[in-house]
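Input: a single structure, listed below in structure tokens.
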Amino acid sequence: MLNFVDSVQEAVARIKDGSTVMIGGFGNAGQPFELIDALMDCGATDLTVVNNNAGQGDQGLALLIKEGRVRKMICSFPRQSDSWHFDAKYKAGEIELELVPQGNLAERIRAAGAGIGGFFTPTGYGTMLAEGKETRIIDGRGQVFETPIHADVALIKALKADGKGNLVYRKTARNFGPIMAAAAKHTIVQVSEVVPTGALDPENIVTPGIYVNTIVRVAGSTAEKVA
Amino acid sequence: MLNFVDSVQEAVARIKDGSTVMIGGFGNAGQPFELIDALMDCGATDLTVVNNNAGQGDQGLALLIKEGRVRKMICSFPRQSDSWHFDAKYKAGEIELELVPQGNLAERIRAAGAGIGGFFTPTGYGTMLAEGKETRIIDGRGQVFETPIHADVALIKALKADGKGNLVYRKTARNFGPIMAAAAKHTIVQVSEVVPTGALDPENIVTPGIYVNTIVRVAGSTAEKVA
Amino acid sequence: MSTATSIQTSATPLGRDDLARLVARDIAPGSFVNLGIGQPTLVSNYLTEEQNITLHTENGMLGMGPEAKGDEIDGDLINAGKIPVTELPGAAYFHHADSFAIMRGGHLDICVLGAFQVSATGDLANWHTGAPGAIPAVGGAMDLATGAKDVFVMMTLLTREGASKIVEACTYPLTGVGCVTRVYTDKAVFLTGPDGVTVRETFGCTLEELQELVPVPLKAATAS
Amino acid sequence: MSTATSIQTSATPLGRDDLARLVARDIAPGSFVNLGIGQPTLVSNYLTEEQNITLHTENGMLGMGPEAKGDEIDGDLINAGKIPVTELPGAAYFHHADSFAIMRGGHLDICVLGAFQVSATGDLANWHTGAPGAIPAVGGAMDLATGAKDVFVMMTLLTREGASKIVEACTYPLTGVGCVTRVYTDKAVFLTGPDGVTVRETFGCTLEELQELVPVPLKAATAS
């Protein structure tokens, strides 16, 4: 069932301790900052977080990590110039890291949404990121078996939603949103605008409403420039 | 390299005997009828054809089959009220059939385009279509190992192309087009209209030009109603 | 076995339209549903606007509307049975892999399918008679059977020859294993699953009379 | 070993910009290309309009334009290095799985990457020093290395300590096995593959002088 709620607090209220939470975004583009802040405030802890990175600076995911609310990160690129909170927790042995090549991360999330039990990919074959994993040679290429990444909750950002929960995104802020929406049991979306059902062209919908559970409007939450 | 050609004959001229040819369409929607007719005329034989069906009536793919040009069909639904040419060849033992559940067909085509070496799916588990295939239990569900379907050539139909080969489709005529374009070494597209580069909104492109090799305009080739 | 009269909800067997109305009534508001080709398509005639049901068609659409008539007919807008249909406000189009990802990923709440046979544990046979020389054709049946959260079957309880289509084990080739959760027939509604067959209601017969027709043990649903 | 002078094409080692210009010149017209973060990004400065190259960025775009300046800066339009960029006519956006399907499916003609080391058979090490306590971060490096039809590496030939980055076997953790086809360095262009290392041209040194620096056997390219 689709719900439109009035606040980000209400939107994240159902997130429980121990949940696996996917968070959209690549860099700042598509990051649902307001939803992450609400997750910080709601108190849920012992989280497994799936994101491309592991937080930057002193905001959002970085703060969640700093406060010890994240038990495990599944990501492709944790180390950045300003990932000091993750770095500190990691070096202290206080956070678990599952490092995944970015394409495997995307494909594993996609597999969860599409009902795929696992797949073979050449990416990572012969590297330390394939250690301990099943491998086989297919058509002469070494390949690694990768499994789907499911989540209890996804927090994503889109540009617009209609009354059916259909979503469109904006430029490279689309990134992980569509595949995370499909991979999570409950998908929470912050949008800049809610438009009437029928206002989005059916040819151009990126995420159909079947993948969306909770929508909250956050004014001015995209980087969209005023025309 | 992207080529715009002036005729469907020129578009299909490179198809060789023994090729695997994907043909888009579901029912009449999205069938590239003119390209199939040109394939008929160009004489290529000993083909493996990938399509959802196995030809209908006395046109297109059905004629290719009637003329003995198709060695093997890979499809989900060959038997229809008017699939008499396929039926006759099949009963005479003159055509090979690989019957694939429609979702496995789509996912195997998608896997080829996405560089996936194979995947496990619950679809077909415990049925005669899984006989002889590798299976395993994943998260308590029986699953079957399925492999990618690659093609030498794809023949598909789209609504519009721009100068970069970017494509948009129309309604349910989209069906197999985008995944076949990605799975074939050489993708040939018939479009109703070629528009200037920049005339398609980058947010709404369904098949990026990287997947397109040859484009031919065929006037009035979609079922689009005149507004 | 509890007394049968408590679950007899109709004095006569149900016709196809009454059965379709019953299935429609049982679909929870807001559901995403795929209706199979043939008898299941009738269900769409009885869905109400208040139910806010979204119909999926596996050839690439959510938000499918009723069959197209006259000027509405558009060759680019068809359903999985290749019948021209219409689009409702809020519809969305997508390609075949994305469409089957919706089905296979477990996102459809319900699919409604016809069947040759359903076993006591919910195995489904609905795609192939297995007769020698028959040309097999599976389409999306296995994906629907395996992917939807709930698989409802609509069929007559008996074949023309009078044999029960609810069986101990399917003799026709399987579509899916243990996938059917509910069977709507002219004579009764059955719930199937790992624990066997429960009768939710009967139409024009008692549970005892029904048991005479069906070769697997039937339990009556406990009043809830 | 053939005479070295035949392949020396420059009297001095190449600077970063000259090297970027050379890589740009070597990219076939109409190619689809991904330029890695850092030195490879310089290549875009030397691509000509006539070459009609389409740039891919793995965070979801084909048709990426130059870095955005001033009013062009839009937080929703960044490249894989998280730098604001622009969009060219004919650009297309897609989600992350579709974007990596382009890379992993073998659709990119060329990717250009930096490297710590490249082995004689084209193994690549460019993501992780493997130093104790170092936090690993891989991003899209393994997907690019494995997926593109041709993987070009751009790097200085020697480390600051004077060690060759072209090695018999990588000592740093691998990014991909046997994936590099060409290595552009300040001192030479190398072709790598199953048959070992061929030198296409040298800059400011003879093949013999180059061989002094590199611990794997070098062959000169035969004139074509």
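Following the order of the structure tokens, chains are lettered A, B, ..., residues in each are numbered from 1, and ligands are numbered from 1.
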
Within 9 Å of chain C, which residues of chain B are there when counting only C-alpha atoms? Please give them as a VMD selection string. chain B and resid 26 to 30 52 to 53 75 to 80 87 90 to 91 99 to 110 121 to 128 170 to 179 206 222 to 225

Mind fitting chain C to chain D by least squares on all Cα atoms in order and giving back the moved coordinates as an mmCIF file with C-alpha atoms, in the first residue's frame?
```cif
data_model
loop_
_atom_site.group_PDB
_atom_site.id
_atom_site.type_symbol
_atom_site.label_atom_id
_atom_site.label_comp_id
_atom_site.auth_asym_id
_atom_site.auth_seq_id
_atom_site.Cartn_x
_atom_site.Cartn_y
_atom_site.Cartn_z
ATOM 1 C CA MET C 1 65.333 -7.127 -30.605
ATOM 2 C CA SER C 2 65.150 -4.802 -33.600
ATOM 3 C CA THR C 3 66.894 -1.454 -33.698
ATOM 4 C CA ALA C 4 65.444 1.016 -31.299
ATOM 5 C CA THR C 5 65.745 4.203 -33.280
ATOM 6 C CA SER C 6 62.940 3.165 -35.581
ATOM 7 C CA ILE C 7 60.354 3.540 -32.819
ATOM 8 C CA GLN C 8 61.655 6.653 -31.056
ATOM 9 C CA THR C 9 59.047 9.277 -31.957
ATOM 10 C CA SER C 10 59.996 12.070 -29.572
ATOM 11 C CA ALA C 11 63.366 13.405 -28.450
ATOM 12 C CA THR C 12 62.141 13.934 -24.902
ATOM 13 C CA PRO C 13 59.821 12.162 -22.477
ATOM 14 C CA LEU C 14 56.176 13.236 -22.809
ATOM 15 C CA GLY C 15 54.475 15.483 -20.253
ATOM 16 C CA ARG C 16 51.005 14.634 -18.975
ATOM 17 C CA ASP C 17 49.272 16.841 -21.509
ATOM 18 C CA ASP C 18 51.260 15.539 -24.453
ATOM 19 C CA LEU C 19 50.447 12.025 -23.331
ATOM 20 C CA ALA C 20 46.760 12.889 -23.038
ATOM 21 C CA ARG C 21 46.895 14.349 -26.556
ATOM 22 C CA LEU C 22 48.446 11.131 -27.835
ATOM 23 C CA VAL C 23 45.791 8.943 -26.211
ATOM 24 C CA ALA C 24 43.067 11.197 -27.606
ATOM 25 C CA ARG C 25 44.531 10.911 -31.098
ATOM 26 C CA ASP C 26 44.551 7.104 -30.834
ATOM 27 C CA ILE C 27 40.826 6.847 -30.096
ATOM 28 C CA ALA C 28 38.929 5.802 -33.217
ATOM 29 C CA PRO C 29 36.170 8.112 -34.462
ATOM 30 C CA GLY C 30 32.721 7.262 -33.122
ATOM 31 C CA SER C 31 34.028 5.445 -30.063
ATOM 32 C CA PHE C 32 32.266 5.180 -26.718
ATOM 33 C CA VAL C 33 34.806 5.893 -24.000
ATOM 34 C CA ASN C 34 35.053 6.017 -20.208
ATOM 35 C CA LEU C 35 37.855 8.143 -18.792
ATOM 36 C CA GLY C 36 38.929 7.220 -15.266
ATOM 37 C CA ILE C 37 39.390 9.692 -12.451
ATOM 38 C CA GLY C 38 42.666 11.665 -12.385
ATOM 39 C CA GLN C 39 45.165 11.719 -15.239
ATOM 40 C CA PRO C 40 42.846 9.966 -17.748
ATOM 41 C CA THR C 41 40.368 12.847 -17.405
ATOM 42 C CA LEU C 42 42.907 15.051 -19.234
ATOM 43 C CA VAL C 43 42.243 13.073 -22.421
ATOM 44 C CA SER C 44 38.885 14.800 -22.843
ATOM 45 C CA ASN C 45 40.684 18.114 -23.426
ATOM 46 C CA TYR C 46 42.148 16.757 -26.653
ATOM 47 C CA LEU C 47 39.210 14.978 -28.244
ATOM 48 C CA THR C 48 38.080 16.779 -31.378
ATOM 49 C CA GLU C 49 34.539 17.350 -32.534
ATOM 50 C CA GLU C 50 35.322 15.440 -35.736
ATOM 51 C CA GLN C 51 36.135 12.353 -33.691
ATOM 52 C CA ASN C 52 32.532 12.263 -32.455
ATOM 53 C CA ILE C 53 33.503 10.487 -29.235
ATOM 54 C CA THR C 54 30.744 9.779 -26.688
ATOM 55 C CA LEU C 55 31.870 9.847 -23.068
ATOM 56 C CA HIS C 56 30.286 7.543 -20.492
ATOM 57 C CA THR C 57 30.260 8.178 -16.762
ATOM 58 C CA GLU C 58 29.419 5.194 -14.590
ATOM 59 C CA ASN C 59 27.065 7.163 -12.347
ATOM 60 C CA GLY C 60 24.509 7.050 -15.125
ATOM 61 C CA MET C 61 25.142 9.008 -18.301
ATOM 62 C CA LEU C 62 26.284 8.839 -21.896
ATOM 63 C CA GLY C 63 27.088 12.075 -23.699
ATOM 64 C CA MET C 64 28.907 13.785 -20.851
ATOM 65 C CA GLY C 65 30.308 17.203 -21.705
ATOM 66 C CA PRO C 66 33.168 19.236 -20.195
ATOM 67 C CA GLU C 67 33.413 20.209 -16.534
ATOM 68 C CA ALA C 68 30.714 22.696 -15.543
ATOM 69 C CA LYS C 69 31.798 26.246 -14.755
ATOM 70 C CA GLY C 70 29.960 29.050 -12.946
ATOM 71 C CA ASP C 71 26.281 29.048 -13.735
ATOM 72 C CA GLU C 72 26.482 25.657 -15.414
ATOM 73 C CA ILE C 73 27.126 23.933 -12.099
ATOM 74 C CA ASP C 74 24.208 21.668 -11.131
ATOM 75 C CA GLY C 75 24.477 19.345 -8.146
ATOM 76 C CA ASP C 76 22.392 16.709 -9.916
ATOM 77 C CA LEU C 77 24.852 16.497 -12.821
ATOM 78 C CA ILE C 78 28.209 15.116 -11.757
ATOM 79 C CA ASN C 79 30.744 12.614 -13.035
ATOM 80 C CA ALA C 80 32.192 9.537 -11.342
ATOM 81 C CA GLY C 81 34.765 11.767 -9.624
ATOM 82 C CA LYS C 82 31.828 13.803 -8.222
ATOM 83 C CA ILE C 83 32.891 16.855 -10.249
ATOM 84 C CA PRO C 84 30.048 18.916 -11.778
ATOM 85 C CA VAL C 85 29.913 18.337 -15.527
ATOM 86 C CA THR C 86 27.719 19.317 -18.453
ATOM 87 C CA GLU C 87 25.531 17.381 -20.867
ATOM 88 C CA LEU C 88 25.929 17.368 -24.649
ATOM 89 C CA PRO C 89 23.119 17.120 -27.218
ATOM 90 C CA GLY C 90 22.156 13.464 -27.575
ATOM 91 C CA ALA C 91 23.005 12.632 -23.970
ATOM 92 C CA ALA C 92 21.068 9.925 -22.106
ATOM 93 C CA TYR C 93 20.598 9.218 -18.395
ATOM 94 C CA PHE C 94 20.048 5.771 -16.863
ATOM 95 C CA HIS C 95 20.218 4.093 -13.485
ATOM 96 C CA HIS C 96 23.279 2.449 -11.984
ATOM 97 C CA ALA C 97 22.521 -1.130 -13.038
ATOM 98 C CA ASP C 98 21.879 -0.045 -16.608
ATOM 99 C CA SER C 99 25.048 2.053 -16.528
ATOM 100 C CA PHE C 100 27.209 -0.815 -15.352
ATOM 101 C CA ALA C 101 25.499 -3.126 -17.844
ATOM 102 C CA ILE C 102 26.989 -0.869 -20.513
ATOM 103 C CA MET C 103 30.447 -1.367 -19.008
ATOM 104 C CA ARG C 104 30.162 -5.011 -18.015
ATOM 105 C CA GLY C 105 28.413 -6.082 -21.187
ATOM 106 C CA GLY C 106 31.436 -5.096 -23.271
ATOM 107 C CA HIS C 107 29.834 -2.129 -24.977
ATOM 108 C CA LEU C 108 32.465 0.525 -24.208
ATOM 109 C CA ASP C 109 35.139 0.642 -26.884
ATOM 110 C CA ILE C 110 37.830 2.000 -24.581
ATOM 111 C CA CYS C 111 38.347 2.891 -20.979
ATOM 112 C CA VAL C 112 41.407 4.819 -19.877
ATOM 113 C CA LEU C 113 42.632 4.179 -16.325
ATOM 114 C CA GLY C 114 45.501 5.084 -14.075
ATOM 115 C CA ALA C 115 47.570 2.292 -12.499
ATOM 116 C CA PHE C 116 50.025 1.373 -9.791
ATOM 117 C CA GLN C 117 51.313 -1.539 -11.833
ATOM 118 C CA VAL C 118 50.660 -3.421 -15.064
ATOM 119 C CA SER C 119 52.037 -6.905 -15.602
ATOM 120 C CA ALA C 120 53.618 -8.211 -18.781
ATOM 121 C CA THR C 121 50.414 -10.088 -19.580
ATOM 122 C CA GLY C 122 48.131 -7.141 -18.910
ATOM 123 C CA ASP C 123 47.131 -7.716 -15.285
ATOM 124 C CA LEU C 124 46.144 -4.412 -13.720
ATOM 125 C CA ALA C 125 46.675 -3.150 -10.161
ATOM 126 C CA ASN C 126 45.167 0.253 -9.580
ATOM 127 C CA TRP C 127 42.765 0.205 -6.639
ATOM 128 C CA HIS C 128 44.518 -0.711 -3.411
ATOM 129 C CA THR C 129 48.033 -0.527 -2.039
ATOM 130 C CA GLY C 130 47.356 -3.481 0.215
ATOM 131 C CA ALA C 131 49.274 -1.671 2.961
ATOM 132 C CA PRO C 132 48.377 -2.845 6.480
ATOM 133 C CA GLY C 133 45.623 -0.639 7.873
ATOM 134 C CA ALA C 134 44.800 0.907 4.510
ATOM 135 C CA ILE C 135 41.048 1.183 3.974
ATOM 136 C CA PRO C 136 40.196 -0.447 0.651
ATOM 137 C CA ALA C 137 37.927 1.333 -1.840
ATOM 138 C CA VAL C 138 37.302 -0.087 -5.283
ATOM 139 C CA GLY C 139 34.475 1.901 -6.891
ATOM 140 C CA GLY C 140 33.963 0.977 -10.537
ATOM 141 C CA ALA C 141 37.596 0.113 -11.287
ATOM 142 C CA MET C 142 37.102 -3.650 -11.529
ATOM 143 C CA ASP C 143 34.024 -3.287 -13.722
ATOM 144 C CA LEU C 144 35.830 -0.977 -16.116
ATOM 145 C CA ALA C 145 38.938 -3.165 -16.223
ATOM 146 C CA THR C 146 36.885 -6.270 -16.945
ATOM 147 C CA GLY C 147 34.224 -4.839 -19.194
ATOM 148 C CA ALA C 148 35.676 -2.481 -21.783
ATOM 149 C CA LYS C 149 36.792 -3.853 -25.162
ATOM 150 C CA ASP C 150 40.137 -2.099 -24.750
ATOM 151 C CA VAL C 151 41.685 -0.971 -21.476
ATOM 152 C CA PHE C 152 44.306 1.763 -21.851
ATOM 153 C CA VAL C 153 46.460 2.676 -18.886
ATOM 154 C CA MET C 154 48.062 6.111 -18.453
ATOM 155 C CA MET C 155 50.853 6.445 -15.914
ATOM 156 C CA THR C 156 54.443 7.459 -15.415
ATOM 157 C CA LEU C 157 56.687 4.515 -16.237
ATOM 158 C CA LEU C 158 58.586 4.781 -12.946
ATOM 159 C CA THR C 159 57.554 5.277 -9.339
ATOM 160 C CA ARG C 160 59.078 8.170 -7.409
ATOM 161 C CA GLU C 161 61.610 5.666 -6.186
ATOM 162 C CA GLY C 162 62.546 4.775 -9.748
ATOM 163 C CA ALA C 163 60.927 1.343 -9.916
ATOM 164 C CA SER C 164 59.200 0.257 -13.098
ATOM 165 C CA LYS C 165 55.425 0.087 -12.893
ATOM 166 C CA ILE C 166 55.500 -2.434 -15.725
ATOM 167 C CA VAL C 167 56.348 -5.636 -13.913
ATOM 168 C CA GLU C 168 56.603 -9.358 -14.405
ATOM 169 C CA ALA C 169 53.774 -9.903 -11.898
ATOM 170 C CA CYS C 170 51.909 -7.289 -9.900
ATOM 171 C CA THR C 171 52.817 -7.045 -6.219
ATOM 172 C CA TYR C 172 49.846 -4.800 -5.462
ATOM 173 C CA PRO C 173 46.360 -6.380 -5.235
ATOM 174 C CA LEU C 174 44.899 -6.972 -8.697
ATOM 175 C CA THR C 175 42.043 -5.028 -10.243
ATOM 176 C CA GLY C 176 41.680 -7.390 -13.172
ATOM 177 C CA VAL C 177 43.499 -10.240 -14.867
ATOM 178 C CA GLY C 178 44.930 -9.865 -18.363
ATOM 179 C CA CYS C 179 42.705 -6.908 -19.131
ATOM 180 C CA VAL C 180 45.126 -4.121 -20.160
ATOM 181 C CA THR C 181 45.803 -3.843 -23.873
ATOM 182 C CA ARG C 182 47.891 -0.669 -24.010
ATOM 183 C CA VAL C 183 50.006 1.357 -21.564
ATOM 184 C CA TYR C 184 50.764 5.018 -22.216
ATOM 185 C CA THR C 185 53.697 6.330 -20.190
ATOM 186 C CA ASP C 186 55.992 9.350 -20.311
ATOM 187 C CA LYS C 187 58.764 7.189 -21.810
ATOM 188 C CA ALA C 188 56.950 4.823 -24.155
ATOM 189 C CA VAL C 189 53.713 3.275 -25.365
ATOM 190 C CA PHE C 190 53.485 -0.440 -24.588
ATOM 191 C CA LEU C 191 51.111 -3.059 -25.980
ATOM 192 C CA THR C 192 50.369 -5.810 -23.467
ATOM 193 C CA GLY C 193 48.722 -9.150 -23.898
ATOM 194 C CA PRO C 194 49.146 -12.901 -23.610
ATOM 195 C CA ASP C 195 52.336 -12.751 -25.735
ATOM 196 C CA GLY C 196 54.049 -10.209 -23.507
ATOM 197 C CA VAL C 197 55.065 -6.601 -24.006
ATOM 198 C CA THR C 198 55.605 -4.826 -27.294
ATOM 199 C CA VAL C 199 56.896 -1.259 -27.468
ATOM 200 C CA ARG C 200 55.015 0.815 -29.998
ATOM 201 C CA GLU C 201 57.058 4.004 -29.616
ATOM 202 C CA THR C 202 59.522 5.588 -27.230
ATOM 203 C CA PHE C 203 59.910 9.178 -26.068
ATOM 204 C CA GLY C 204 63.383 10.485 -25.323
ATOM 205 C CA CYS C 205 65.008 7.078 -25.068
ATOM 206 C CA THR C 206 65.997 4.158 -27.218
ATOM 207 C CA LEU C 207 64.456 0.748 -26.840
ATOM 208 C CA GLU C 208 67.756 -0.402 -25.288
ATOM 209 C CA GLU C 209 67.619 2.396 -22.724
ATOM 210 C CA LEU C 210 63.979 1.555 -22.020
ATOM 211 C CA GLN C 211 64.838 -2.110 -21.543
ATOM 212 C CA GLU C 212 67.293 -1.069 -18.822
ATOM 213 C CA LEU C 213 64.368 0.401 -16.861
ATOM 214 C CA VAL C 214 61.794 -2.341 -17.359
ATOM 215 C CA PRO C 215 62.260 -5.811 -15.854
ATOM 216 C CA VAL C 216 60.342 -7.704 -18.534
ATOM 217 C CA PRO C 217 61.481 -8.502 -22.081
ATOM 218 C CA LEU C 218 60.439 -5.822 -24.561
ATOM 219 C CA LYS C 219 59.801 -6.374 -28.236
ATOM 220 C CA ALA C 220 59.736 -3.602 -30.775
ATOM 221 C CA ALA C 221 56.600 -3.281 -32.821
ATOM 222 C CA THR C 222 57.149 -4.356 -36.382
ATOM 223 C CA ALA C 223 56.556 -1.568 -38.849
ATOM 224 C CA SER C 224 53.154 -1.920 -40.359
#
```

Can I get the residues of chain A within 8 Å of chain B, each with the closest pair of atoms and their distance in Å to one decimal, using only C-alpha atoms, sorted chain first then ascending number, as a Markdown table?
```
| residue | atom | partner | partner_atom | distance |
| --- | --- | --- | --- | --- |
| A:Gly115 | CA | B:Thr121 | CA | 7.0 |
| A:Ile116 | CA | B:Thr121 | CA | 5.3 |
| A:Gly117 | CA | B:Phe120 | CA | 5.0 |
| A:Gly118 | CA | B:Phe120 | CA | 5.5 |
| A:Phe119 | CA | B:Phe119 | CA | 4.1 |
| A:Phe120 | CA | B:Gly117 | CA | 5.0 |
| A:Thr121 | CA | B:Ile116 | CA | 5.3 |
| A:Pro122 | CA | B:Gly117 | CA | 7.7 |
| A:Ile138 | CA | B:Gly117 | CA | 6.4 |
| A:Gln143 | CA | B:Gly117 | CA | 7.3 |
| A:Arg170 | CA | B:Glu203 | CA | 7.3 |
| A:Lys171 | CA | B:Glu203 | CA | 6.8 |
| A:Glu203 | CA | B:Lys171 | CA | 6.8 |
| A:Asn204 | CA | B:Asn204 | CA | 5.4 |
```

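The spacing separating atom CA of Gly24 of chain B from atom CA of Ala184 of chain B amounts to 11.7 Å.
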
Once DSSP has gone over the backbone, tell me which residues of segment 4-196 of chain A are in helix (DSSP H, G or I), as a PyMOL selection string. chain A and resi 8-12+33-42+60-66+84-91+102-114+128-130+171-173+177-183

Using atom CA of Asn51 of chain A and atom CA of Glu96 of chain A as the two end points, give the distance in Å to one decimal.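 Spanning atom CA of Asn51 of chain A to atom CA of Glu96 of chain A is a straight-line distance of 13.8 Å.
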
Between atom CA of Pro208 of chain B and atom CA of Gln190 of chain A, what is the spacing in Å?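 We find that atom CA of Gln190 of chain A and atom CA of Pro208 of chain B lie 27.7 Å from each other.
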
Just list as a list in words whatever in segment 148-192 of chain D DSSP marks as strand (DSSP E).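 Of segment 148-192 of chain D, the ones in strand (DSSP E) are Asp150, Val151, Phe152, Val153, Met154, Ile166, Val167, Val180, Thr181, Arg182, Val183, Tyr184, Ala188, Val189, Phe190 and Leu191 of chain D.
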
Would you list the contacts of Ala62 of chain B as a ChimeraX atom specification, taking every protein, DNA or RNA residue within 6 Å and counting only C-alpha atoms, but skipping same-chain residues closer than 5 positions in sequence? /B:55-56,85

Out of A:Lys89, A:Arg69, A:Lys160, A:His186, which residue has the shortest atom-to-atom distance to Asp41 of chain A when counting only C-alpha atoms?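 The closest residue to Asp41 of chain A is A:Arg69.
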
Can you tell me which residues surround segment 17-20 of chain A at a distance of at most 7 Å, considering only C-alpha atoms, apart from same-chain residues fewer than 5 positions away, and format the answer as a PDB file with N, CA and C atoms, in the first residue's frame?
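Below you can see selection.pdb, which holds the result:
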```pdb
ATOM      1  N   ALA A  44      16.833   4.374  15.424  1.00  0.00           N
ATOM      2  CA  ALA A  44      17.093   2.986  15.021  1.00  0.00           C
ATOM      3  C   ALA A  44      18.590   2.738  14.982  1.00  0.00           C
ATOM      4  N   THR A  45      19.004   1.566  15.465  1.00  0.00           N
ATOM      5  CA  THR A  45      20.429   1.289  15.574  1.00  0.00           C
ATOM      6  C   THR A  45      20.741  -0.141  15.124  1.00  0.00           C
ATOM      7  N   ASP A  46      22.020  -0.517  15.157  1.00  0.00           N
ATOM      8  CA  ASP A  46      22.440  -1.851  14.731  1.00  0.00           C
ATOM      9  C   ASP A  46      22.084  -2.073  13.260  1.00  0.00           C
ATOM     10  N   LEU A  47      22.237  -1.024  12.462  1.00  0.00           N
ATOM     11  CA  LEU A  47      21.816  -1.046  11.057  1.00  0.00           C
ATOM     12  C   LEU A  47      22.906  -1.621  10.156  1.00  0.00           C
ATOM     13  N   THR A  48      22.464  -2.286   9.086  1.00  0.00           N
ATOM     14  CA  THR A  48      23.340  -2.562   7.953  1.00  0.00           C
ATOM     15  C   THR A  48      22.946  -1.563   6.878  1.00  0.00           C
ATOM     16  N   VAL A  49      23.911  -0.789   6.422  1.00  0.00           N
ATOM     17  CA  VAL A  49      23.602   0.257   5.448  1.00  0.00           C
ATOM     18  C   VAL A  49      24.253  -0.079   4.108  1.00  0.00           C
ATOM     19  N   ALA A 151      16.927  -5.621   1.025  1.00  0.00           N
ATOM     20  CA  ALA A 151      16.899  -4.681   2.145  1.00  0.00           C
ATOM     21  C   ALA A 151      15.507  -4.644   2.761  1.00  0.00           C
ATOM     22  N   ASP A 152      15.481  -4.273   4.034  1.00  0.00           N
ATOM     23  CA  ASP A 152      14.190  -4.047   4.674  1.00  0.00           C
ATOM     24  C   ASP A 152      13.595  -2.735   4.206  1.00  0.00           C
ATOM     25  N   VAL A 153      14.451  -1.743   4.074  1.00  0.00           N
ATOM     26  CA  VAL A 153      13.980  -0.394   3.775  1.00  0.00           C
ATOM     27  C   VAL A 153      14.932   0.255   2.778  1.00  0.00           C
TER      28      VAL A 153
END
```
